[in-house]
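Colleague: The structure file protein.txt (compact mmCIF, C-alpha atoms) is provided below.
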```txt
# COMPACT_ATOMS: atom_id res chain seq x y z
CA MET E 112 -21.35 -12.40 28.87
CA GLY E 113 -24.39 -13.19 26.71
CA LEU E 114 -28.06 -12.94 27.55
CA GLY E 115 -27.94 -16.33 29.24
CA VAL E 116 -30.93 -17.83 27.47
CA ARG E 117 -30.59 -21.17 25.74
CA GLY E 118 -31.62 -21.79 22.17
CA GLY E 119 -29.65 -19.06 20.45
CA VAL E 120 -32.27 -16.38 21.00
CA ALA E 121 -30.80 -13.01 20.12
CA VAL E 122 -32.72 -9.80 20.60
CA GLY E 123 -31.60 -6.29 19.81
CA GLY E 124 -28.25 -5.12 18.61
CA GLY E 125 -25.78 -2.30 18.57
CA GLY E 126 -26.82 1.30 18.57
CA VAL E 127 -29.98 0.70 20.63
CA PRO E 128 -31.05 3.85 22.47
CA GLY E 129 -30.97 3.83 26.26
CA ILE E 130 -33.97 3.06 28.40
CA LEU E 131 -35.08 6.67 28.50
CA GLY E 132 -34.09 7.32 24.90
CA VAL E 133 -37.25 5.84 23.37
CA MET E 134 -39.70 7.88 25.41
CA VAL E 135 -41.39 11.01 24.11
CA ASP E 136 -43.70 12.64 26.66
CA GLY E 137 -44.13 9.31 28.42
CA ALA E 138 -45.13 7.33 25.33
CA LEU E 139 -43.30 4.69 23.34
CA THR E 140 -42.09 5.53 19.87
CA GLY E 141 -41.26 3.07 17.14
CA ALA E 142 -43.61 0.15 17.94
CA THR E 143 -44.43 -1.70 14.73
CA SER E 144 -46.25 -4.89 15.73
CA GLU E 145 -49.87 -4.83 14.61
CA THR E 146 -50.67 -7.67 17.01
CA ALA E 147 -49.14 -5.78 19.92
CA GLU E 148 -51.10 -2.69 18.91
CA MET E 149 -54.37 -4.63 19.05
CA ASP E 150 -53.43 -6.05 22.42
CA GLU E 151 -52.75 -2.54 23.62
CA VAL E 152 -56.16 -1.36 22.47
CA ALA E 153 -57.89 -4.27 24.19
CA TRP E 154 -56.09 -3.72 27.49
CA GLU E 155 -56.69 0.01 27.41
CA ARG E 156 -60.41 -0.59 26.91
CA TRP E 157 -60.34 -3.06 29.80
CA TYR E 158 -58.79 -0.56 32.20
CA ALA E 159 -60.73 2.45 30.91
CA SER E 160 -64.09 0.69 31.34
CA ARG E 161 -63.50 -0.05 35.03
CA GLU E 162 -62.77 2.18 37.99
CA GLY E 163 -60.16 -0.21 39.35
CA VAL E 164 -58.94 -3.56 38.04
CA GLY E 165 -56.37 -4.63 40.60
CA SER E 166 -56.75 -5.20 44.32
CA GLY E 167 -54.30 -2.42 45.18
CA ARG E 168 -52.11 -4.97 46.93
CA PRO E 169 -48.70 -6.12 45.63
CA SER E 170 -48.22 -9.59 44.22
CA SER E 171 -47.77 -12.01 47.10
CA GLN E 172 -44.97 -13.74 45.20
CA LEU E 173 -43.13 -10.44 44.75
CA VAL E 174 -43.43 -9.81 48.49
CA VAL E 175 -42.00 -13.25 49.28
CA GLU E 176 -39.15 -13.18 46.77
CA ALA E 177 -38.12 -9.50 46.86
CA GLY E 178 -38.81 -8.76 50.50
CA ALA E 179 -35.28 -9.68 51.57
CA LEU E 180 -33.46 -8.08 48.62
CA ALA E 181 -31.43 -4.93 49.15
CA PRO E 182 -33.11 -1.96 47.41
CA GLY E 183 -31.60 -0.87 44.12
CA ARG E 184 -32.94 -0.24 40.61
CA ALA E 185 -36.05 -2.20 39.64
CA LEU E 186 -37.94 -2.67 36.39
CA ASP E 187 -41.61 -3.63 36.70
CA VAL E 188 -42.74 -4.94 33.30
CA GLY E 189 -46.50 -4.97 32.81
CA CYS E 190 -47.00 -2.91 35.96
CA GLY E 191 -50.75 -2.35 35.52
CA GLU E 192 -52.04 0.08 38.14
CA GLY E 193 -48.70 0.03 39.92
CA ALA E 194 -49.26 -1.85 43.18
CA ASP E 195 -45.98 -3.76 42.83
CA ALA E 196 -44.00 -0.68 41.78
CA LEU E 197 -45.31 1.31 44.72
CA TRP E 198 -44.60 -1.50 47.17
CA LEU E 199 -41.01 -1.57 45.96
CA ALA E 200 -40.72 2.22 46.10
CA GLU E 201 -41.96 2.26 49.68
CA ARG E 202 -39.03 -0.02 50.50
CA GLY E 203 -36.44 2.22 48.93
CA TRP E 204 -36.26 0.90 45.36
CA GLN E 205 -35.95 3.24 42.37
CA VAL E 206 -38.54 1.80 39.97
CA LEU E 207 -39.22 2.09 36.28
CA ALA E 208 -42.85 0.93 35.86
CA VAL E 209 -43.85 -0.03 32.32
CA ASP E 210 -47.27 -0.83 30.89
CA PHE E 211 -49.07 -0.08 27.63
CA SER E 212 -52.32 1.06 29.22
CA ALA E 213 -52.40 4.82 29.72
CA SER E 214 -55.39 4.48 32.05
CA ALA E 215 -53.55 2.01 34.29
CA LEU E 216 -50.51 4.26 34.46
CA ARG E 217 -52.62 7.30 35.36
CA ARG E 218 -54.09 5.37 38.29
CA GLY E 219 -50.64 4.30 39.39
CA LYS E 220 -49.40 7.88 39.33
CA ALA E 221 -52.40 9.03 41.36
CA GLN E 222 -51.76 6.35 43.99
CA ALA E 223 -48.10 7.36 44.12
CA VAL E 224 -49.10 10.96 44.90
CA ASP E 225 -51.31 9.71 47.73
CA LEU E 226 -48.28 7.95 49.24
CA GLY E 227 -46.30 11.17 49.41
CA ARG E 228 -43.47 12.90 47.60
CA VAL E 229 -40.69 10.57 48.71
CA VAL E 230 -42.37 7.45 47.33
CA ALA E 231 -43.73 9.20 44.23
CA ALA E 232 -40.25 10.47 43.33
CA ARG E 233 -38.89 6.91 43.30
CA VAL E 234 -41.15 5.73 40.49
CA MET E 235 -40.96 6.64 36.81
CA TRP E 236 -43.95 5.59 34.72
CA MET E 237 -43.62 4.67 31.05
CA ARG E 238 -46.17 3.61 28.43
CA ALA E 239 -44.63 0.90 26.27
CA ASP E 240 -45.19 -2.64 24.96
CA ALA E 241 -42.76 -5.13 26.45
CA MET E 242 -42.44 -7.04 23.18
CA THR E 243 -41.44 -4.02 21.09
CA TRP E 244 -39.94 -1.53 23.56
CA ALA E 245 -36.34 -0.74 22.68
CA GLY E 246 -35.51 -0.39 26.37
CA LEU E 247 -35.65 -4.18 26.68
CA ASN E 248 -33.08 -4.73 23.96
CA ALA E 249 -29.95 -6.01 25.66
CA PRO E 250 -27.48 -3.15 26.17
CA PRO E 251 -23.90 -3.63 25.00
CA GLU E 252 -21.44 -5.00 27.51
CA PRO E 253 -19.68 -2.18 29.39
CA SER E 254 -16.34 -1.06 27.99
CA PRO E 255 -13.27 -0.88 30.25
CA ALA E 256 -13.07 2.38 32.17
CA PRO E 257 -10.59 4.86 30.71
CA ALA E 258 -7.42 5.64 32.62
CA SER E 259 -7.87 8.34 35.22
CA ASN E 260 -6.77 11.84 34.32
CA PRO E 261 -5.09 13.60 37.25
CA GLY E 262 -5.80 16.92 35.63
CA ALA E 263 -9.53 16.34 35.58
CA GLY E 264 -9.89 17.76 39.08
CA ALA E 265 -13.53 17.81 40.10
CA GLY E 266 -14.50 16.07 36.89
CA ALA E 267 -14.36 12.64 38.58
CA GLY E 268 -16.19 11.60 41.71
CA ALA E 269 -14.91 9.55 44.59
CA GLY E 270 -16.12 6.38 42.90
CA GLY E 271 -14.18 7.14 39.73
CA ARG E 272 -17.28 8.02 37.67
CA ALA E 273 -17.05 11.08 35.47
CA ALA E 274 -19.11 13.97 36.75
CA GLY E 275 -21.98 15.31 34.72
CA ARG E 276 -25.64 14.50 34.15
CA VAL E 277 -26.28 10.83 34.83
CA SER E 278 -29.55 9.25 33.80
CA ARG E 279 -31.68 8.24 36.77
CA PHE E 280 -32.08 4.77 35.30
CA GLU E 281 -29.26 2.76 33.80
CA THR E 282 -29.80 0.10 31.14
CA ARG E 283 -29.49 -2.74 33.65
CA PHE E 284 -31.50 -3.37 36.79
CA ASP E 285 -30.96 -5.09 40.14
CA LEU E 286 -34.46 -6.55 39.90
CA VAL E 287 -36.52 -7.25 36.79
CA SER E 288 -40.05 -8.30 37.70
CA ALA E 289 -42.73 -9.55 35.31
CA GLN E 290 -45.90 -10.53 37.15
CA PHE E 291 -48.55 -12.39 35.13
CA LEU E 292 -47.18 -11.19 31.80
CA HIS E 293 -48.40 -14.04 29.60
CA VAL E 294 -47.19 -14.40 26.01
CA PRO E 295 -47.76 -17.14 23.41
CA ALA E 296 -45.43 -20.12 23.56
CA ASP E 297 -43.66 -19.25 20.30
CA ARG E 298 -42.75 -15.80 21.65
CA ARG E 299 -41.87 -16.89 25.17
CA PRO E 300 -38.11 -17.49 24.65
CA ALA E 301 -37.72 -14.08 23.02
CA MET E 302 -39.64 -12.38 25.82
CA LEU E 303 -37.52 -14.11 28.44
CA ALA E 304 -34.37 -13.10 26.58
CA ARG E 305 -35.49 -9.49 26.62
CA LEU E 306 -36.04 -9.59 30.37
CA CYS E 307 -32.74 -11.37 30.99
CA GLY E 308 -30.81 -8.89 28.90
CA VAL E 309 -31.40 -5.98 31.28
CA VAL E 310 -30.66 -7.75 34.57
CA ALA E 311 -27.43 -6.47 36.12
CA PRO E 312 -24.74 -8.94 37.23
CA GLY E 313 -25.79 -10.14 40.68
CA GLY E 314 -29.35 -8.97 40.01
CA SER E 315 -32.60 -10.92 40.18
CA LEU E 316 -35.08 -11.98 37.53
CA LEU E 317 -38.56 -12.68 38.91
CA VAL E 318 -41.20 -14.05 36.54
CA VAL E 319 -44.59 -15.10 37.92
CA GLY E 320 -47.54 -16.45 35.94
CA HIS E 321 -50.64 -18.54 36.28
CA ASP E 322 -49.67 -22.20 36.44
CA PRO E 323 -51.25 -24.49 33.80
CA ALA E 324 -52.78 -26.49 36.67
CA ASP E 325 -55.30 -23.66 37.09
CA LEU E 326 -56.96 -24.59 33.81
CA GLY E 327 -58.77 -27.43 35.57
CA LEU E 328 -60.40 -25.14 38.13
CA GLY E 329 -63.01 -23.63 35.84
CA ILE E 330 -61.92 -20.06 36.59
CA PRO E 331 -60.96 -17.31 34.12
CA ARG E 332 -57.44 -17.86 32.83
CA PRO E 333 -55.53 -17.15 29.60
CA GLU E 334 -55.69 -19.91 27.01
CA ALA E 335 -53.45 -22.94 27.56
CA GLY E 336 -50.83 -21.83 25.04
CA MET E 337 -50.18 -18.69 27.09
CA LEU E 338 -49.35 -20.59 30.28
CA CYS E 339 -46.25 -22.55 31.23
CA GLU E 340 -44.65 -24.15 34.26
CA ALA E 341 -41.83 -22.40 36.10
CA ARG E 342 -39.46 -25.28 35.42
CA GLU E 343 -40.03 -24.80 31.68
CA LEU E 344 -38.91 -21.18 31.99
CA ALA E 345 -35.96 -22.23 34.15
CA GLY E 346 -34.92 -24.67 31.44
CA LEU E 347 -34.46 -21.76 29.04
CA LEU E 348 -31.80 -20.18 31.25
CA ASP E 349 -28.11 -20.91 30.77
CA PRO E 350 -26.80 -22.32 34.10
CA ALA E 351 -23.40 -20.77 33.39
CA VAL E 352 -25.06 -17.34 33.59
CA TRP E 353 -27.98 -17.90 35.94
CA GLU E 354 -28.47 -19.44 39.38
CA VAL E 355 -32.07 -20.61 39.70
CA LEU E 356 -33.23 -19.89 43.25
CA VAL E 357 -36.89 -20.84 42.84
CA ALA E 358 -38.73 -22.67 40.07
CA GLN E 359 -41.94 -24.03 41.46
CA SER E 360 -45.70 -24.19 41.32
CA ARG E 361 -46.76 -22.31 44.44
CA PRO E 362 -50.30 -22.46 45.91
CA ARG E 363 -52.21 -19.29 46.72
CA ALA E 364 -55.66 -18.97 48.30
CA VAL E 365 -58.11 -16.61 46.60
CA MET E 366 -61.81 -15.89 46.86
CA GLY E 367 -63.89 -17.56 44.16
CA SER E 368 -66.79 -15.93 42.35
CA GLY E 369 -69.21 -17.71 44.67
CA GLY E 370 -67.61 -16.26 47.77
CA GLY E 371 -65.78 -19.41 48.81
CA GLU E 372 -62.03 -19.84 48.99
CA ILE E 373 -60.21 -21.72 46.27
CA VAL E 374 -56.54 -22.54 45.86
CA VAL E 375 -54.84 -21.46 42.66
CA ARG E 376 -51.23 -22.08 41.70
CA ASP E 377 -48.64 -19.59 40.53
CA ALA E 378 -45.63 -20.53 38.40
CA VAL E 379 -42.75 -18.76 40.15
CA LEU E 380 -39.27 -18.34 38.67
CA HIS E 381 -36.64 -16.44 40.64
CA ALA E 382 -33.12 -16.52 39.24
CA ARG E 383 -29.98 -14.54 40.02
CA ARG E 384 -27.56 -13.49 37.32
CA ARG E 385 -24.08 -14.62 38.24
CA ALA E 386 -21.70 -11.78 38.95
CA SER E 387 -19.09 -13.07 36.52
```
Go through the file and emit its structure as structure tokens.
Modeller:
Amino acid sequence: MGLGVRGGVAVGGGGVPGILGVMVDGALTGATSETAEMDEVAWERWYASREGVGSGRPSSQLVVEAGALAPGRALDVGCGEGADALWLAERGWQVLAVDFSASALRRGKAQAVDLGRVVAARVMWMRADAMTWAGLNAPPEPSPAPASNPGAGAGAGAGGRAAGRVSRFETRFDLVSAQFLHVPADRRPAMLARLCGVVAPGGSLLVVGHDPADLGLGIPRPEAGMLCEARELAGLLDPAVWEVLVAQSRPRAVMGSGGGEIVVRDAVLHARRRAS
């Protein structure tokens, strides 16, 4: 089965290291994009110059869409200070939380400690850029399992998996979440392909961004070319591979700078990868 993204977008290739294979002491190795590096510097300055950037609460769209999902392995791309990752961990998910701001990740780790050992142990924090991180290159399709060896004895578990050290995180996830991870229009199909490539069969892809309708509200938002409607993202998915559960502009009430309530709109895409 391919990545499931229309337009012939192909990302990655054979011989890509596993998700944990590109990490050295918690930092990404091998990033080459000068633009991404400048973005990383800007975001790190943003986080480092403020005591706290986020509200500490999880994304309301994540709560709505993932609240009923059975816990499994989750990838939180662009996790920031970790509110979403910690919300998932509190509900039993094993989470790989990725961001390229070291300051944001440090705050996330500190909050995890405050929530106790059980929750903290469910989250792994990684500094990486989503556009260059090798962990988002689509892994190869699994090979058929070898025939069982009766003489292996304790070498195989009850589920038929060979015993030995198994990485805590596989290369596919039951939930891949990208909340307000805005990229330029010309890079959007490639970014979506990278996210799609690590969703396990039967797993969920959840992408949430600011809807272009917000540009008329006079509030801070990324430039127009960084925003898109959920149905535009849904149109990039191959219906033979993906079942689109939600693709809508969803209203959300927030407090404006003047203290009054305003209604913004989020572009919400929730799709499930077909099992076969």
Colleague: In Å, rounded to a single decimal, give me how far CA of Val230 (chain E) is from CA of Arg283 (chain E).
Modeller: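 Taking CA of Arg283 (chain E) as the start and CA of Val230 (chain E) as the end point, the length is 21.4 Å.
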Colleague: Please compute the CA of Asp285 (chain E)-CA of Ala185 (chain E) distance, one decimal, in Å.
Modeller: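 Atom-to-atom, CA of Asp285 (chain E) and CA of Ala185 (chain E) are spaced 5.9 Å apart.
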Colleague: Quick one: pull the distance between CA of Pro362 (chain E) and CA of Ala304 (chain E), Å, one decimal.
Modeller: 26.7 Å
Colleague: Quick one: residues within 10 Å of Asp195 (chain E), all atoms listed in the file, excluding same-chain residues fewer than 3 positions away - as JSON, numbers by chain?
Modeller: {"E": [167, 168, 169, 170, 171, 173, 174, 187, 190, 191, 192, 198, 199, 200, 201, 206, 208, 219, 288, 290]}
Colleague: Quick one: of E:Trp236, E:Phe284, E:Phe211, E:Trp244, who's nearest to Gly183 (chain E), counting all atoms listed in the file?
Modeller: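 Of E:Trp236, E:Phe284, E:Phe211, E:Trp244, the one nearest Gly183 (chain E), counting all atoms listed in the file, is E:Phe284.
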